[in-house]
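Dropping model_33.txt in here (compact mmCIF, C-alpha atoms):
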# COMPACT_ATOMS: atom_id res chain seq x y z
CA MET A 339 9.27 22.43 29.94
CA ARG A 340 6.58 19.81 30.40
CA HIS A 341 4.57 21.08 27.39
CA ARG A 342 7.76 21.21 25.35
CA ALA A 343 8.57 17.60 26.20
CA VAL A 344 5.06 16.50 25.22
CA ALA A 345 5.35 18.37 21.92
CA LEU A 346 8.69 16.70 21.23
CA TRP A 347 7.20 13.29 21.97
CA ILE A 348 4.30 14.00 19.62
CA ALA A 349 6.62 15.29 16.89
CA GLY A 350 8.84 12.25 17.30
CA GLY A 351 5.83 9.96 17.09
CA ILE A 352 4.68 11.65 13.89
CA VAL A 353 8.13 11.28 12.34
CA ILE A 354 8.20 7.59 13.24
CA VAL A 355 4.74 7.02 11.77
CA VAL A 356 5.72 8.82 8.56
CA LEU A 357 8.95 6.84 8.26
CA VAL A 358 7.13 3.56 8.83
CA ALA A 359 4.54 4.54 6.23
CA LEU A 360 7.25 5.47 3.70
CA CYS A 361 9.13 2.23 4.31
CA GLY A 362 5.90 0.28 3.92
CA ALA A 363 5.05 2.08 0.70
CA TYR A 364 8.57 1.50 -0.63
CA TRP A 365 8.36 -2.22 0.17
CA PHE A 366 4.92 -2.62 -1.41
CA VAL A 367 5.45 -0.47 -4.50
CA VAL A 368 9.11 -1.01 -5.36
CA MET A 369 10.07 -4.36 -3.79
CA CYS A 370 7.70 -6.37 -5.97
CA LYS A 371 10.12 -8.12 -8.30
CA GLY A 372 10.13 -11.86 -7.78
CA LYS A 373 13.43 -13.48 -6.84
CA TRP A 374 15.01 -16.29 -8.81
CA HIS A 375 18.63 -17.37 -9.12
CA GLY A 376 19.98 -19.73 -11.73
CA GLU A 377 20.89 -20.05 -15.39
CA ALA A 378 18.22 -18.47 -17.58
CA LEU A 379 16.72 -20.40 -20.48
CA GLU A 380 18.23 -17.99 -23.03
CA GLN A 381 21.73 -18.90 -21.87
CA ARG A 382 21.12 -22.58 -22.63
CA ARG A 383 19.55 -21.98 -26.04
CA PRO A 384 21.61 -19.41 -27.99
CA GLU A 385 20.55 -20.79 -31.38
CA GLU A 386 16.88 -20.49 -30.42
CA VAL A 387 17.43 -16.86 -29.40
CA GLN A 388 18.89 -16.16 -32.84
CA ALA A 389 15.96 -17.84 -34.58
CA ILE A 390 13.49 -15.84 -32.49
CA GLU A 391 15.34 -12.64 -33.36
CA ARG A 392 15.01 -13.36 -37.09
CA ALA A 393 11.30 -14.10 -36.71
CA LEU A 394 10.69 -10.93 -34.69
CA ARG A 395 12.49 -8.81 -37.26
CA ALA A 396 10.44 -10.32 -40.10
CA ASP A 397 7.15 -9.76 -38.29
CA VAL A 398 7.93 -6.15 -37.36
CA GLU A 399 9.02 -5.46 -40.93
CA TYR A 400 5.77 -6.81 -42.32
CA MET A 401 3.61 -4.79 -39.95
CA SER A 402 5.50 -1.51 -39.94
CA VAL A 403 7.01 -1.44 -43.44
CA THR A 404 4.85 -3.59 -45.72
CA LEU A 405 1.58 -2.53 -44.10
CA GLY A 406 2.63 0.72 -42.41
CA GLU A 407 -0.03 2.66 -40.54
CA ARG A 408 -2.80 0.43 -39.23
CA ASN A 409 -5.72 2.52 -38.01
CA PRO A 410 -9.13 3.81 -39.13
CA ALA A 411 -7.47 6.25 -41.54
CA HIS A 412 -5.66 3.25 -43.06
CA TYR A 413 -8.48 0.78 -42.58
CA ASP A 414 -7.44 -1.66 -45.32
CA ALA A 415 -4.00 -2.07 -43.74
CA LEU A 416 -5.61 -2.64 -40.34
CA VAL A 417 -7.88 -5.34 -41.78
CA LYS A 418 -4.94 -6.97 -43.58
CA CYS A 419 -2.99 -7.02 -40.34
CA GLY A 420 -5.87 -8.71 -38.52
CA ASP A 421 -6.22 -11.32 -41.28
CA TRP A 422 -2.48 -11.95 -41.16
CA VAL A 423 -2.58 -12.50 -37.39
CA LYS A 424 -5.45 -14.97 -37.82
CA LYS A 425 -3.54 -16.94 -40.45
CA ARG A 426 -0.40 -16.97 -38.32
CA TRP A 427 -2.26 -18.44 -35.38
CA GLN A 428 -4.09 -20.93 -37.56
CA SER A 429 -0.78 -22.05 -39.07
CA GLN A 430 0.42 -22.73 -35.52
CA GLY A 431 -2.56 -25.02 -34.99
CA TYR A 432 -4.81 -22.74 -32.97
CA SER A 433 -8.53 -22.08 -33.33
CA VAL A 434 -8.83 -18.29 -33.48
CA GLN A 435 -11.63 -16.60 -31.58
CA THR A 436 -12.93 -13.27 -32.86
CA GLN A 437 -14.94 -10.53 -31.22
CA ALA A 438 -16.35 -8.21 -33.87
CA PHE A 439 -17.83 -4.80 -33.18
CA THR A 440 -18.92 -1.87 -35.30
CA LEU A 441 -17.43 1.59 -35.00
CA GLU A 442 -18.48 4.48 -37.24
CA GLY A 443 -19.98 2.09 -39.75
CA ARG A 444 -16.93 -0.18 -40.01
CA GLN A 445 -16.22 -3.57 -38.48
CA TYR A 446 -13.28 -4.12 -36.16
CA GLU A 447 -12.08 -7.34 -34.58
CA ASN A 448 -10.37 -8.43 -31.41
CA LEU A 449 -8.57 -11.73 -32.00
CA GLY A 450 -7.48 -14.38 -29.56
CA VAL A 451 -6.41 -17.94 -28.87
CA GLU A 452 -6.96 -19.89 -25.69
CA MET A 453 -5.08 -22.66 -23.89
CA ARG A 454 -7.57 -24.06 -21.41
CA GLY A 455 -6.32 -24.78 -17.91
CA THR A 456 -6.04 -28.38 -16.75
CA LYS A 457 -6.30 -27.81 -12.98
CA ALA A 458 -8.00 -24.44 -12.55
CA PRO A 459 -9.66 -23.66 -15.91
CA SER A 460 -11.90 -20.97 -14.43
CA GLU A 461 -8.83 -18.94 -13.41
CA ILE A 462 -7.87 -16.90 -16.47
CA VAL A 463 -4.69 -15.01 -17.35
CA VAL A 464 -4.87 -12.65 -20.34
CA VAL A 465 -1.71 -11.59 -22.20
CA SER A 466 -2.20 -9.08 -25.01
CA ALA A 467 -0.81 -6.65 -27.55
CA GLN A 468 -2.56 -4.20 -29.87
CA TYR A 469 -2.20 -4.33 -33.64
CA ASP A 470 -3.39 -0.83 -34.52
CA THR A 471 -1.16 2.27 -34.67
CA LEU A 472 -1.32 5.95 -33.87
CA PRO A 473 -2.19 8.30 -36.76
CA GLY A 474 0.97 9.32 -38.57
CA SER A 475 3.10 6.48 -37.22
CA PRO A 476 4.20 3.18 -38.81
CA GLY A 477 4.16 1.74 -35.29
CA ALA A 478 7.30 -0.40 -35.37
CA ASN A 479 7.91 -0.33 -31.63
CA ASN A 480 4.44 0.93 -30.74
CA ASN A 481 3.24 -1.72 -31.15
CA ALA A 482 4.49 -4.15 -33.77
CA SER A 483 7.06 -5.11 -31.13
CA GLY A 484 4.39 -6.34 -28.71
CA MET A 485 2.49 -8.12 -31.48
CA ALA A 486 5.65 -9.85 -32.69
CA VAL A 487 6.38 -11.09 -29.16
CA LEU A 488 2.76 -12.26 -28.82
CA LEU A 489 3.05 -14.35 -31.99
CA GLN A 490 6.31 -15.86 -30.79
CA LEU A 491 4.75 -16.69 -27.42
CA SER A 492 1.96 -18.65 -29.08
CA GLU A 493 4.59 -20.55 -31.10
CA LEU A 494 6.72 -21.31 -28.05
CA LEU A 495 3.75 -22.33 -25.89
CA LYS A 496 1.81 -24.45 -28.38
CA GLY A 497 1.11 -27.95 -27.15
CA ARG A 498 1.58 -26.99 -23.51
CA ALA A 499 -1.11 -27.61 -20.92
CA PRO A 500 -1.18 -24.77 -18.37
CA ALA A 501 -2.86 -25.24 -15.01
CA ARG A 502 -4.71 -21.94 -15.38
CA THR A 503 -6.39 -20.89 -18.61
CA LEU A 504 -4.23 -18.65 -20.79
CA ARG A 505 -5.66 -16.29 -23.38
CA LEU A 506 -3.42 -14.52 -25.87
CA MET A 507 -5.27 -11.52 -27.29
CA ALA A 508 -4.62 -9.13 -30.19
CA PHE A 509 -6.69 -5.98 -29.59
CA THR A 510 -7.68 -3.27 -32.01
CA THR A 511 -8.60 0.45 -31.59
CA GLU A 512 -6.26 0.92 -28.65
CA GLU A 513 -4.68 4.08 -29.99
CA ASP A 514 -6.01 7.64 -30.25
CA PRO A 515 -8.63 8.88 -30.80
CA TYR A 516 -10.16 5.93 -28.95
CA PHE A 517 -7.73 5.45 -26.09
CA GLY A 518 -9.38 5.68 -22.67
CA THR A 519 -12.91 5.43 -24.07
CA ASP A 520 -15.58 2.74 -24.37
CA LEU A 521 -14.56 2.40 -28.04
CA MET A 522 -11.28 0.62 -27.30
CA GLY A 523 -11.26 -2.96 -28.50
CA SER A 524 -9.95 -4.08 -25.12
CA TYR A 525 -12.84 -2.37 -23.36
CA HIS A 526 -15.36 -4.26 -25.50
CA TYR A 527 -13.59 -7.45 -24.50
CA ALA A 528 -13.12 -6.71 -20.79
CA ARG A 529 -16.73 -5.57 -20.41
CA ARG A 530 -17.92 -8.80 -22.01
CA CYS A 531 -15.73 -10.83 -19.63
CA ARG A 532 -17.27 -8.98 -16.69
CA GLU A 533 -20.79 -9.56 -18.02
CA LEU A 534 -20.03 -13.29 -18.26
CA GLY A 535 -18.65 -13.28 -14.71
CA GLU A 536 -15.25 -14.58 -15.81
CA ASP A 537 -12.50 -14.82 -13.22
CA ILE A 538 -9.63 -12.97 -14.88
CA LEU A 539 -6.83 -13.07 -12.32
CA VAL A 540 -4.67 -10.54 -14.13
CA MET A 541 -4.23 -9.00 -17.56
CA VAL A 542 -0.76 -8.26 -18.97
CA SER A 543 -0.47 -5.84 -21.90
CA MET A 544 2.75 -5.97 -23.94
CA ASP A 545 3.14 -2.49 -25.39
CA ALA A 546 6.32 -0.93 -26.87
CA MET A 547 8.99 -3.46 -25.94
CA GLY A 548 11.93 -2.89 -28.26
CA TYR A 549 13.66 0.45 -27.59
CA TYR A 550 16.74 0.40 -25.32
CA VAL A 551 19.43 3.01 -24.68
CA ASP A 552 22.41 2.51 -22.38
CA THR A 553 23.49 6.15 -22.12
CA PRO A 554 23.09 8.10 -18.85
CA HIS A 555 19.84 10.06 -18.39
CA SER A 556 18.15 8.27 -21.30
CA GLN A 557 15.32 7.24 -18.97
CA ASN A 558 13.00 10.02 -17.79
CA LEU A 559 10.52 8.76 -15.23
CA PRO A 560 8.29 11.13 -13.24
CA PHE A 561 9.14 12.05 -9.64
CA PRO A 562 9.46 10.23 -7.22
CA PHE A 563 10.11 7.14 -9.40
CA SER A 564 13.09 8.92 -10.94
CA LEU A 565 14.75 8.67 -7.51
CA VAL A 566 14.33 4.90 -7.33
CA TYR A 567 14.67 3.46 -10.82
CA PRO A 568 17.67 3.60 -13.22
CA SER A 569 18.43 6.68 -15.32
CA ARG A 570 19.57 4.50 -18.22
CA GLY A 571 16.84 3.22 -20.52
CA ASN A 572 18.25 -0.28 -20.78
CA PHE A 573 15.57 -2.27 -18.94
CA LEU A 574 12.10 -3.69 -19.49
CA ALA A 575 9.53 -2.38 -17.01
CA PHE A 576 6.57 -4.17 -15.47
CA ILE A 577 4.03 -1.63 -14.18
CA GLY A 578 0.81 -2.68 -12.50
CA ASP A 579 -1.91 -1.48 -10.19
CA LEU A 580 -1.79 -2.21 -6.47
CA GLY A 581 -4.13 -5.19 -6.84
CA SER A 582 -1.75 -6.93 -9.24
CA ARG A 583 1.20 -7.16 -6.81
CA ARG A 584 0.90 -10.88 -6.04
CA TYR A 585 0.91 -11.65 -9.76
CA MET A 586 3.76 -9.22 -10.38
CA LEU A 587 5.94 -11.37 -8.12
CA GLU A 588 5.03 -14.53 -10.09
CA LEU A 589 5.44 -12.88 -13.47
CA THR A 590 8.83 -11.30 -12.82
CA ARG A 591 10.16 -14.44 -11.16
CA GLY A 592 9.18 -16.42 -14.23
CA PHE A 593 10.70 -13.83 -16.55
CA GLN A 594 14.06 -14.32 -14.89
CA ARG A 595 13.81 -18.07 -15.45
CA GLY A 596 13.57 -17.36 -19.16
CA SER A 597 15.94 -14.42 -19.56
CA SER A 598 18.65 -12.47 -17.79
CA PHE A 599 17.60 -9.27 -19.56
CA PRO A 600 17.35 -6.48 -16.94
CA ILE A 601 13.88 -5.75 -15.62
CA GLU A 602 12.31 -3.38 -13.12
CA ALA A 603 8.91 -3.66 -11.48
CA ALA A 604 6.47 -1.37 -9.70
CA VAL A 605 2.87 -1.44 -8.55
CA VAL A 606 1.28 1.98 -8.19
CA PRO A 607 -2.08 3.67 -7.72
CA ARG A 608 -4.01 3.79 -10.97
CA TRP A 609 -3.89 7.59 -11.12
CA VAL A 610 -0.07 7.73 -11.44
CA LYS A 611 1.00 9.27 -14.76
CA GLY A 612 1.73 6.61 -17.36
CA ALA A 613 0.53 3.69 -15.24
CA GLY A 614 -2.51 3.10 -17.44
CA TRP A 615 -1.09 3.87 -20.87
CA SER A 616 -2.15 0.63 -22.53
CA ASP A 617 -4.99 -1.87 -22.90
CA HIS A 618 -4.85 -2.98 -19.27
CA VAL A 619 -6.66 0.27 -18.39
CA SER A 620 -9.81 -1.26 -19.90
CA PHE A 621 -9.54 -4.18 -17.50
CA TRP A 622 -9.05 -1.80 -14.59
CA ARG A 623 -12.28 -0.08 -15.57
CA CYS A 624 -14.06 -3.44 -15.45
CA GLY A 625 -12.70 -4.35 -12.03
CA TYR A 626 -9.78 -6.61 -13.00
CA PRO A 627 -6.12 -6.29 -11.95
CA GLY A 628 -3.82 -5.39 -14.83
CA MET A 629 -0.26 -4.48 -15.72
CA GLN A 630 1.91 -3.68 -18.72
CA ALA A 631 5.30 -4.92 -19.90
CA THR A 632 7.00 -2.02 -21.66
CA ASP A 633 10.22 -0.19 -22.42
CA THR A 634 8.35 2.78 -20.82
CA GLY A 635 7.42 4.31 -24.19
CA ALA A 636 7.31 8.09 -24.16
CA PHE A 637 9.34 8.22 -20.93
CA ARG A 638 12.29 6.99 -23.00
CA SER A 639 11.75 7.14 -26.76
CA PRO A 640 11.39 10.48 -28.61
CA TRP A 641 9.76 8.55 -31.48
CA HIS A 642 7.10 6.74 -29.45
CA THR A 643 4.13 8.58 -30.95
CA ASN A 644 5.31 9.86 -34.31
CA ALA A 645 6.60 8.98 -37.79
CA GLY A 646 10.06 8.26 -36.39
CA ASP A 647 8.84 5.02 -34.81
CA THR A 648 10.65 2.83 -37.35
CA MET A 649 12.26 -0.57 -36.93
CA ASP A 650 15.83 0.73 -37.33
CA LYS A 651 15.48 2.25 -33.83
CA MET A 652 14.72 -1.13 -32.26
CA ASN A 653 17.04 -3.59 -30.55
CA PHE A 654 15.96 -7.00 -31.87
CA SER A 655 18.62 -8.89 -29.94
CA ALA A 656 17.13 -7.51 -26.72
CA LEU A 657 13.61 -8.25 -27.94
CA ALA A 658 14.50 -11.90 -28.60
CA ARG A 659 15.83 -12.27 -25.07
CA ILE A 660 12.70 -10.56 -23.75
CA THR A 661 10.54 -13.01 -25.69
CA LEU A 662 12.06 -15.96 -23.83
CA GLY A 663 11.64 -14.01 -20.61
CA MET A 664 7.96 -13.44 -21.32
CA CYS A 665 7.60 -17.12 -22.14
CA GLY A 666 9.01 -17.99 -18.72
CA ALA A 667 6.76 -15.37 -17.13
CA VAL A 668 3.61 -16.74 -18.75
CA MET A 669 4.51 -20.32 -17.83
CA GLU A 670 5.09 -19.28 -14.21
CA ILE A 671 1.88 -17.34 -13.80
CA THR A 672 -0.31 -19.99 -15.47
CA GLN A 673 1.14 -22.98 -13.62
CA ALA A 674 0.07 -21.89 -10.13
CA GLY A 675 -3.28 -23.59 -10.69
CA GLU A 676 -5.07 -24.74 -7.57
CA ASP A 677 -2.29 -23.31 -5.41
CA GLY A 678 -3.10 -19.93 -6.84
CA GLN A 679 -6.46 -19.76 -5.10
CA ALA A 680 -4.81 -20.39 -1.74
CA ALA A 681 -2.30 -17.66 -2.45
CA ARG A 682 -5.08 -15.25 -3.36
CA ASN A 683 -6.97 -16.04 -0.18
CA ALA A 684 -3.80 -15.59 1.87
CA GLY A 685 -3.06 -12.30 0.12
Please express the file's structure as structure tokens.
Amino acid sequence: MRHRAVALWIAGGIVIVVLVALCGAYWFVVMCKGKWHGEALEQRRPEEVQAIERALRADVEYMSVTLGERNPAHYDALVKCGDWVKKRWQSQGYSVQTQAFTLEGRQYENLGVEMRGTKAPSEIVVVSAQYDTLPGSPGANNNASGMAVLLQLSELLKGRAPARTLRLMAFTTEEDPYFGTDLMGSYHYARRCRELGEDILVMVSMDAMGYYVDTPHSQNLPFPFSLVYPSRGNFLAFIGDLGSRRYMLELTRGFQRGSSFPIEAAVVPRWVKGAGWSDHVSFWRCGYPGMQATDTGAFRSPWHTNAGDTMDKMNFSALARITLGMCGAVMEITQAGEDGQAARNAG
């Protein structure tokens, strides 16, 4: 009886430890969406939302219809897209920075604009999208959607003076056959940032942001996330690595200031399937925290990687609301300034 009682005590202790560990994991991984209550910016500016929607539609049409595929097999279209992005930023009053590199005898360019921080300029936040496409795809949602939002963010944020330095980046060679290799444009950039010793607090990749379905079981996340997150594909997801949690809270809180569009958030180990399916993986490889803002891509859309990725599948009304949300998110995460260092030390 005595040995049996000891065994029961041990078993009970193990169960308690496991339950505590599961609750802790749930709190850290799932409960990472910042809290904010109030009227979102989009609700006060309906005419601006409509104007943003028209601009997004025009930009996606140019990239996915006028230009079409934008990749090494359609190199001229890729170059034209890069030149168009440069001109757009210049027309907004920005000085465009380029990072050129050679791949298989051809030149490729990462493009970016910077808003230098006023209080903590050495603390850098990078927000990006890629302007190349998969072979065989016009890339309307993947990723003309992210690029269109990026161009609207630079328009909405021009003239502002963030506390932290903000860099908006348009990366090239993100897609196959280069994804996950040293040949990605984002890897060239992240490696250079590491070589310069730059303090990139977090990198946010906007990748596939415009496909939403409200029908049951339209969202297919891997286990165990399928037990926790909605089965309807009607939300924008923020997915980051464990080291990005403190910034996930800031980013999602700011998003809700800008938009009431539904969002979900998670921070997960880097090996989780799908967690690194964008340019932020390059920043992970160089030791920086990173996350993506996405409609979850292939976990939702049957056209994510093929010729069916056309703009008629996209929800531009949702994308306009998301754009204001991302504007709020970027403003929130870049305004922490000197307080941000204290938060990092406390974290």
If we count only C-alpha atoms, what is near Ala631 (chain A) at a cut-off of 8 Å, once residues fewer than 5 positions away on the same chain are taken out, given as a PyMOL selection string?
chain A and resi 542-545+547+574-577
Dump as a short mmCIF file (atom, residue, chain, number, x, y, z; two decimals), in the coordinates of the input, selection limited to C-alpha atoms:
data_model
loop_
_atom_site.label_atom_id
_atom_site.label_comp_id
_atom_site.auth_asym_id
_atom_site.auth_seq_id
_atom_site.Cartn_x
_atom_site.Cartn_y
_atom_site.Cartn_z
CA VAL A 542 -0.76 -8.26 -18.97
CA SER A 543 -0.47 -5.84 -21.90
CA MET A 544 2.75 -5.97 -23.94
CA ASP A 545 3.14 -2.49 -25.39
CA MET A 547 8.99 -3.46 -25.94
CA LEU A 574 12.10 -3.69 -19.49
CA ALA A 575 9.53 -2.38 -17.01
CA PHE A 576 6.57 -4.17 -15.47
CA ILE A 577 4.03 -1.63 -14.18
#
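Closest approach to Glu670 (chain A) among A:His375, A:Lys651, A:Arg595, A:Lys611 is made by A:Arg595 (distances from only C-alpha atoms).
Comparing the minimum interatomic distances between Thr661 (chain A) and each of A:Thr436, A:Gln490, A:Ser460, A:Gln428, counting all atoms listed in the file, we find that A:Gln490 sits nearest.
CA of Leu472 (chain A) sits 6.9 Å away from CA of Asn409 (chain A).
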Quick one: everything within 8 Å of region 508-522 of chain A, counting all atoms listed in the file, minus sequence neighbours fewer than 6 positions away in the same chain. Send it as a list in words.
Asn409, Leu441, Tyr446, Glu447, Asn448, Leu449, Gly450, Ser466, Ala467, Gln468, Tyr469, Asp470, Thr471, Leu472, Pro473, Met485, Ser616, Asp617, Val619 and Ser620 of chain A
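For the pair CA of Gly484 (chain A) and CA of Leu657 (chain A), the separation is 9.4 Å.
Residues surrounding Ala658 (chain A) within 8 Å are A:Val387, A:Gln388, A:Ile390, A:Glu391, A:Leu394, A:Phe654, A:Ser655, A:Ala656, A:Ile660, A:Thr661, A:Leu662 [all atoms listed in the file; sequence separation below 2 positions excluded].
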Serialized selection, C-alpha atoms, as an mmCIF file, in the coordinates of the input:
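Everything below was put into part12.cif:
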data_model
loop_
_atom_site.group_PDB
_atom_site.id
_atom_site.type_symbol
_atom_site.label_atom_id
_atom_site.label_comp_id
_atom_site.auth_asym_id
_atom_site.auth_seq_id
_atom_site.Cartn_x
_atom_site.Cartn_y
_atom_site.Cartn_z
ATOM 1 C CA VAL A 387 17.430 -16.860 -29.400
ATOM 2 C CA GLN A 388 18.890 -16.160 -32.840
ATOM 3 C CA ILE A 390 13.490 -15.840 -32.490
ATOM 4 C CA GLU A 391 15.340 -12.640 -33.360
ATOM 5 C CA LEU A 394 10.690 -10.930 -34.690
ATOM 6 C CA PHE A 654 15.960 -7.000 -31.870
ATOM 7 C CA SER A 655 18.620 -8.890 -29.940
ATOM 8 C CA ALA A 656 17.130 -7.510 -26.720
ATOM 9 C CA ILE A 660 12.700 -10.560 -23.750
ATOM 10 C CA THR A 661 10.540 -13.010 -25.690
ATOM 11 C CA LEU A 662 12.060 -15.960 -23.830
#
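Reported to one decimal place, the separation of CA of Phe593 (chain A) from CA of Leu495 (chain A) is 14.4 Å.
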Radius query 9 Å about (2.9, -11.7, -10.0), atoms used: all atoms listed in the file, as a PyMOL selection string:
chain A and resi 370-372+540+582-592+667+670-671
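Using all atoms listed in the file, the nearest neighbour of Leu506 (chain A) within the list A:Tyr432, A:Trp374, A:Tyr626, A:Phe637 is A:Tyr432.
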Ranking A:Leu504, A:Met649, A:Arg454, A:Arg608 by minimum distance to Met629 (chain A) and counting all atoms listed in the file, which one comes first?
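Smallest distance to Met629 (chain A) is found for A:Arg608.
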In terms of the shortest atom-to-atom distance over all atoms listed in the file, which of A:His555, A:Arg638, A:Arg659, A:Arg426 is closest to Leu489 (chain A)?
A:Arg426
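Among A:Met453, A:Ala482, A:Pro568, A:Cys531, the residue with the shortest atom-to-atom distance to Pro554 (chain A), counting all atoms listed in the file, is A:Pro568.
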I'd like the contact shell of Gln594 (chain A) - 9 Å cut-off, all atoms listed in the file, skipping same-chain residues fewer than 6 positions apart - returned as a ChimeraX atom specification.
/A:372-379,600-601,663-664,666-667
What lies within 8 Å of Cys624 (chain A) using all atoms listed in the file, ignoring chain neighbours under 3 positions off, as a PDB file with C-alpha atoms, in the coordinates of the input?
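The resulting file, selection.pdb, is shown below:
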ATOM      1  CA  ALA A 528     -13.120  -6.710 -20.790  1.00  0.00           C
ATOM      2  CA  ARG A 529     -16.730  -5.570 -20.410  1.00  0.00           C
ATOM      3  CA  ARG A 532     -17.270  -8.980 -16.690  1.00  0.00           C
ATOM      4  CA  SER A 620      -9.810  -1.260 -19.900  1.00  0.00           C
ATOM      5  CA  PHE A 621      -9.540  -4.180 -17.500  1.00  0.00           C
TER       6      PHE A 621
END
From (7.6, 4.0, -11.7), in the file's coordinates, out to 12 Å: which residues are reached, counting all atoms listed in the file? Answer as a PyMOL selection string.
chain A and resi 364+367-370+557-569+574-579+602-608+610-614+630+632-634+637
